[in-house]
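Below: one structure, written as structure tokens.
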Amino acid sequence: MFKLLPDSPSERITVHVDGQAVSVPPGFTAAAAMLLHGTGSTRTTPVTGEPRAPYCMMGVCFECLLQIDGEPNQQGCLVTVAEGMRIERQLGKRKVDE
Amino acid sequence: MSAEQEPTFDLAIVGAGPAGMAAAAMAAELKLSTVVLDEQPEPGGQIYRGIERMAASRPRHLEVLGPDYAAGLELTRAFRASAIEYRNGTQVWQAEPAGRIFFRRNGAAGIVRAKKILIAPGAMERPLPVPGWTLPGVLTCGAGQTVLKAHGLAPKGRFVLAGCGPLLLLLAAQLTRCGIKPAAILQTTFNRWAAAPHLPSFLGTPGYLIKGLGLLRELKAAGIPLYANVSQIAIQGETQARAVEFVCNGTTRTIEADTVFLHQGVIPNGNLAWSMNLDHRWDDVQRCYHPKLDAWGRSSNAAVLVAGDAGGIVGAKGAELMGHIAAAAAAVDLGRLGAEQASERTRDARRALNKQRAARPFLDHLYRPEQRWIAPPDADTIVCRCEEVRAGEIRKLVSEQNCPGPNQLKSFVRCGMGPCQGRLCGLTAIELIAETRGVPVSEVGYYRIRPPIKPVTIGDLATLDVPERNDAVHM
Ligand SMILES: Cc1cc2nc3c(=O)[nH]c(=O)nc-3n(C[C@H](O)[C@H](O)[C@H](O)COP(=O)(O)OP(=O)(O)OC[C@H]3O[C@@H](n4cnc5c(N)ncnc54)[C@H](O)[C@@H]3O)c2cc1C
Ligand code: FES
């Protein structure tokens, strides 16, 4: 869905998106990594299973909820990637208290 | 470190955008011990997002984004040079006017204490609920701009921008300068006649008109089709946006697009102010609620000040000036600066702020969204993205089951009860309720917002001296 502009720095780190190793520039957020490497949805809704993807990229919509390093319900647009980070699509997960 | 051992600051500032950064610099000048909390990894807020990294590693992109963005470097440098404590990546989930602020940082919860709290959480984009707006591939213009600024990302394939407001044209121009041209711009709202009476004061604010016309000229020269006065926008696709359908001059058109950027202006990012029980008032031109503030940014609670777009949309320059002024007011209230000295020190800033404010009525009227864009006429359009509540359902609950207001809507269908806590559906819900009941929106009220305003786990709470209302934990 998105591509890097020309004139971007060449430094990269490796993260795992749904188990697959991909490289992204350092300073990326997990949601930005999904926009660069994902195809389409990054989660499905708990209510009807609709596909969704990051929408606001500034922390207000919660459409970017991902499982990051094993922890569910993380706002991917607020989490900066680290070498070896495991990012997973979140399929229909409910809130923790339900 | 145990939360109990932390010092009590004179001032805690939430938000490191132009308002929070300017407030911090002024607070440091006035020798207030100050802590700044912001959930982003870097200072800059929405407008100056990613500016330090871009200046260091992508100077070519800095040119593309234009001088208004680059202007943030100076403010960011002044902020970094100030004697304050800046905590990045710090999400505030509860601020008690009494002086305790609860936050989450690096996966752990913490508390800071302060005598005064200045909140500067900025703005968010007003939702533009149209059929298909929840599809992957549909983002806000602000999101498009954020990934461009912070990450150097641009849409791949065909894309369309739809809605209204300066940010819509700005993003189109910024991407075009990168050689990435939109397939079309669909303009919803442009009330030139309603705005015209406010033109003189708008012209008095340097630069605004020239910039606006400049963007339009730039896009025209690049050959980008602009459809004006469009209606009935619908985004098509099964699991991903594929095309946008709309009506222009009585003709229905369809444009293929893999990515659609929506925008219809910005509104205060209000959940923090609401959660602190600050008094609010309805602004019928900006069509949103504002916390009630005095000329210095003092709220209805003596311990809490508000600066920047969170107090009502003023723009980046206005936000910076408000931050500067509110920090002086905090110093006065703490007994650290005389009222007269404060007047003296902020005279230029207050004058400049009035100039910035004078430009707003023109912009607010020009882009004041019509009813059809804030109360979706199509019954199937999703209003609450989290709980998938549709416009028709809300209208029916109001007309057939006498659901009177937004809080009752929560108990009927969980509207506004998902993880975003009503940020994306609040205004649409109250517009729909008011329209169906035939009363002014201001009579309908707003969601009762309780802390925590960000997801908190039971584990977080266990590590803390738990705040009183922990029954509201929702995730
Ligand atoms: C996405 C977007 C893009 C924009 N782009 C432009 C532009 O290019 N040009 C322009 O003139 N105007 C732009 N605007 C309008 C612009 O945001 C403002 O005029 C200006 O940035 C307001 O400054 P501020 O300091 O009030 O808030 P902001 O700049 O929004 O800063 C608020 C800060 O508070 C932080 N925050 C919010 N809630 C919390 C919390 N609970 N815990 C911790 N931190 C929190 C945020 O991370 C943010 O850094 C944009 C607005 C948006 C929403
Ligand atoms: S994309 Fe909206 S919260 Fe992350």
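Ligands are numbered from 1 in the order shown, residues from 1 within each chain, and chains are lettered A, B, ... in the order they appear in the structure tokens.
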
Might you pull out every residue within 6 Å of stretch 3-12 of chain A, with only C-alpha atoms counted and same-chain residues fewer than 3 positions away left off, and present them as a list in words?
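So the residues in contact are Ser23, Val24, Pro25 and Leu36 of chain A; Gly152, Leu153, Ala154 and Lys156 of chain B.
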
Same residues, C-alpha atoms, saved as a PDB file, in the first residue's frame:
```pdb
ATOM      1  CA  SER A  23      13.502  -4.995   6.787  1.00  0.00           C
ATOM      2  CA  VAL A  24      12.407  -1.498   7.752  1.00  0.00           C
ATOM      3  CA  PRO A  25      14.215   1.756   8.501  1.00  0.00           C
ATOM      4  CA  LEU A  36       5.159  -0.837   3.966  1.00  0.00           C
TER       5      LEU A  36
ATOM      6  CA  GLY B 152       9.212   8.961   4.316  1.00  0.00           C
ATOM      7  CA  LEU B 153       6.297   6.768   3.186  1.00  0.00           C
ATOM      8  CA  ALA B 154       4.026   7.606   0.258  1.00  0.00           C
ATOM      9  CA  LYS B 156       1.750   3.103  -3.837  1.00  0.00           C
TER      10      LYS B 156
END
```

Given a cut-off of 6 Å, what residues near ligand 2 show up using only C-alpha atoms and all ligand atoms, put as an MDAnalysis selection string?
chainID A and resid 54:64 75:77

For B:Gly89, list every protein, DNA or RNA residue within 8 Å, evaluated using only C-alpha atoms, and leave out those in the same chain fewer than 3 positions away; present the list as JSON, numbers by chain.
{"A": [78], "B": [37, 38, 39, 40, 41, 42, 105, 106]}

Set the cut-off to 6 Å, count only C-alpha atoms and all ligand atoms, and list whatever residues fall near ligand 1 as a VMD selection string.
chain B and resid 14 to 20 37 to 40 45 to 47 90 to 93 120 to 125 142 to 143 308 to 310 315 to 316 319

Quick one: contact table of chain B to chain A, 9 Å max, nearest atom pair and distance in Å to one decimal per residue, counting only C-alpha atoms, chain and number order, as CSV?
```
residue,atom,partner,partner_atom,distance
B:Glu39,CA,A:Leu78,CA,7.3
B:Gln40,CA,A:Leu78,CA,6.6
B:Pro41,CA,A:Thr80,CA,7.5
B:Gln46,CA,A:Met58,CA,7.9
B:Arg53,CA,A:Gly27,CA,8.6
B:Ser57,CA,A:Pro9,CA,6.5
B:Arg58,CA,A:Ser8,CA,6.3
B:Pro59,CA,A:Asp7,CA,8.9
B:Arg60,CA,A:Asp7,CA,7.0
B:His61,CA,A:Asp7,CA,7.8
B:Gly89,CA,A:Leu78,CA,7.9
B:Met124,CA,A:Val60,CA,7.6
B:Glu125,CA,A:Cys56,CA,8.3
B:Thr134,CA,A:Arg52,CA,6.6
B:Leu135,CA,A:Arg52,CA,6.0
B:Pro136,CA,A:Ala53,CA,4.8
B:Gly137,CA,A:Gly40,CA,6.9
B:Val138,CA,A:Tyr55,CA,6.7
B:Leu139,CA,A:Tyr55,CA,4.4
B:Thr140,CA,A:Cys56,CA,5.6
B:Cys141,CA,A:Cys56,CA,8.3
B:Gly142,CA,A:Cys56,CA,6.8
B:Ala143,CA,A:Cys56,CA,4.9
B:Gly144,CA,A:Met57,CA,8.3
B:Thr146,CA,A:Met57,CA,6.8
B:Val147,CA,A:Ala32,CA,7.1
B:Leu148,CA,A:Leu5,CA,8.5
B:Ala150,CA,A:Phe28,CA,7.7
B:His151,CA,A:Phe28,CA,6.1
B:Gly152,CA,A:Leu5,CA,5.6
B:Leu153,CA,A:Leu4,CA,4.7
B:Ala154,CA,A:Phe2,CA,5.4
B:Pro155,CA,A:Phe2,CA,4.3
B:Lys156,CA,A:Phe2,CA,4.8
B:Gly157,CA,A:Met1,CA,7.4
B:Cys178,CA,A:Leu5,CA,7.7
B:Thr239,CA,A:Pro51,CA,6.2
B:Gln240,CA,A:Gly40,CA,6.1
B:Ala241,CA,A:Gly40,CA,8.9
B:Asp258,CA,A:Met1,CA,7.4
B:Thr259,CA,A:Met1,CA,7.3
B:Asn269,CA,A:Val60,CA,8.5
B:Arg385,CA,A:Cys61,CA,8.4
B:Cys386,CA,A:Thr45,CA,7.6
B:Glu387,CA,A:Val47,CA,6.6
B:Glu388,CA,A:Val47,CA,7.2
B:Gly418,CA,A:Lys95,CA,8.7
B:Pro419,CA,A:Phe62,CA,6.4
B:Cys420,CA,A:Cys61,CA,5.4
B:Gln421,CA,A:Cys61,CA,8.9
B:Arg423,CA,A:Val60,CA,6.7
B:Leu424,CA,A:Cys61,CA,6.4
B:Pro455,CA,A:Asn73,CA,8.6
B:Thr457,CA,A:Val96,CA,7.9
B:Ile458,CA,A:Asp97,CA,9.0
B:Val473,CA,A:Asp97,CA,8.5
B:His474,CA,A:Asp97,CA,6.9
B:Met475,CA,A:Lys95,CA,5.1
```

Those same residues, written as a CSV table (one decimal), in the first residue's frame with C-alpha atoms?
```csv
chain,number,residue,atom,x,y,z
B,39,GLU,CA,3.2,9.6,23.9
B,40,GLN,CA,5.2,10.1,20.7
B,41,PRO,CA,8.9,9.0,20.5
B,46,GLN,CA,1.2,16.6,14.9
B,53,ARG,CA,15.1,12.9,12.4
B,57,SER,CA,18.8,12.2,7.8
B,58,ARG,CA,16.4,13.3,5.1
B,59,PRO,CA,17.1,17.0,4.3
B,60,ARG,CA,15.7,16.6,0.8
B,61,HIS,CA,12.3,15.7,2.3
B,89,GLY,CA,6.9,7.6,24.7
B,124,MET,CA,-7.5,15.1,15.8
B,125,GLU,CA,-9.2,15.0,12.5
B,134,THR,CA,-13.6,1.5,7.5
B,135,LEU,CA,-12.0,-0.4,4.6
B,136,PRO,CA,-8.2,-1.1,4.7
B,137,GLY,CA,-6.7,1.5,2.3
B,138,VAL,CA,-8.8,4.3,3.7
B,139,LEU,CA,-6.8,6.6,6.0
B,140,THR,CA,-7.0,10.2,7.1
B,141,CYS,CA,-5.1,12.9,5.4
B,142,GLY,CA,-3.3,13.5,8.7
B,143,ALA,CA,-2.2,9.8,8.6
B,144,GLY,CA,-0.9,10.3,5.1
B,146,THR,CA,2.3,11.6,9.4
B,147,VAL,CA,3.8,8.7,7.5
B,148,LEU,CA,5.3,11.1,5.0
B,150,ALA,CA,7.9,10.5,10.2
B,151,HIS,CA,8.8,7.7,7.9
B,152,GLY,CA,9.2,9.0,4.3
B,153,LEU,CA,6.3,6.8,3.2
B,154,ALA,CA,4.0,7.6,0.3
B,155,PRO,CA,1.0,5.7,-1.2
B,156,LYS,CA,1.7,3.1,-3.8
B,157,GLY,CA,-0.7,2.9,-6.8
B,178,CYS,CA,7.6,14.2,-4.4
B,239,THR,CA,-11.6,-6.3,1.8
B,240,GLN,CA,-9.6,-3.3,0.6
B,241,ALA,CA,-10.5,0.0,-1.0
B,258,ASP,CA,-6.1,1.7,-3.8
B,259,THR,CA,-5.7,4.4,-1.2
B,269,ASN,CA,-8.5,15.9,20.9
B,385,ARG,CA,-15.9,2.0,14.1
B,386,CYS,CA,-15.0,-0.1,17.2
B,387,GLU,CA,-18.4,-1.5,17.9
B,388,GLU,CA,-19.7,-1.3,14.3
B,418,GLY,CA,-14.8,0.4,22.2
B,419,PRO,CA,-11.1,1.0,22.7
B,420,CYS,CA,-11.2,4.5,21.0
B,421,GLN,CA,-13.7,5.5,23.7
B,423,ARG,CA,-13.1,9.7,19.9
B,424,LEU,CA,-14.1,8.6,16.4
B,455,PRO,CA,-5.8,1.1,27.6
B,457,THR,CA,-3.9,-3.6,31.9
B,458,ILE,CA,-4.8,-5.0,35.3
B,473,VAL,CA,-10.9,-0.1,33.2
B,474,HIS,CA,-11.9,-1.2,29.8
B,475,MET,CA,-9.1,-3.2,28.3
```

7 Å contact set for B:Ala24, only C-alpha atoms, chain neighbours under 6 positions out, as a ChimeraX atom specification:
/B:34,79,84

Spatial neighbours of B:Val247, max dist 8 Å, only C-alpha atoms, sep filter under 3 positions, as a PDB file with N, CA and C atoms, in the first residue's frame:
```pdb
ATOM      1  N   VAL B 230     -18.781  18.049  -4.391  1.00  0.00           N
ATOM      2  CA  VAL B 230     -19.207  16.665  -4.615  1.00  0.00           C
ATOM      3  C   VAL B 230     -20.176  16.237  -3.516  1.00  0.00           C
ATOM      4  N   SER B 231     -20.966  15.218  -3.794  1.00  0.00           N
ATOM      5  CA  SER B 231     -21.833  14.633  -2.766  1.00  0.00           C
ATOM      6  C   SER B 231     -21.813  13.115  -2.924  1.00  0.00           C
ATOM      7  N   GLN B 232     -22.450  12.447  -1.970  1.00  0.00           N
ATOM      8  CA  GLN B 232     -22.604  10.986  -1.994  1.00  0.00           C
ATOM      9  C   GLN B 232     -21.314  10.206  -2.256  1.00  0.00           C
ATOM     10  N   ILE B 233     -20.291  10.549  -1.501  1.00  0.00           N
ATOM     11  CA  ILE B 233     -19.041   9.792  -1.620  1.00  0.00           C
ATOM     12  C   ILE B 233     -19.248   8.398  -1.022  1.00  0.00           C
ATOM     13  N   GLY B 250     -24.405  16.586 -10.751  1.00  0.00           N
ATOM     14  CA  GLY B 250     -25.473  15.692 -11.175  1.00  0.00           C
ATOM     15  C   GLY B 250     -25.019  14.413 -11.851  1.00  0.00           C
ATOM     16  N   THR B 251     -23.727  14.235 -12.026  1.00  0.00           N
ATOM     17  CA  THR B 251     -23.224  13.023 -12.685  1.00  0.00           C
ATOM     18  C   THR B 251     -22.543  12.120 -11.664  1.00  0.00           C
ATOM     19  N   THR B 252     -22.854  10.830 -11.711  1.00  0.00           N
ATOM     20  CA  THR B 252     -22.167   9.882 -10.832  1.00  0.00           C
ATOM     21  C   THR B 252     -20.881   9.424 -11.514  1.00  0.00           C
ATOM     22  N   ARG B 253     -19.790   9.501 -10.763  1.00  0.00           N
ATOM     23  CA  ARG B 253     -18.506   9.081 -11.324  1.00  0.00           C
ATOM     24  C   ARG B 253     -17.853   8.057 -10.412  1.00  0.00           C
TER      25      ARG B 253
END
```

All helix (DSSP H, G or I) positions in stretch 2-36 of chain B, as a ChimeraX atom specification:
/B:3-5,18-29

Which residues are close to stretch 400-402 of chain B, i.e. within 10 Å by only C-alpha atoms, leaving aside same-chain residues fewer than 6 positions away? Reply as a PyMOL selection string.
chain B and resi 394+408+412+437

What lies within 8 Å of B:Pro225 using only C-alpha atoms, ignoring chain neighbours under 6 positions off, as a count of residues only?
3
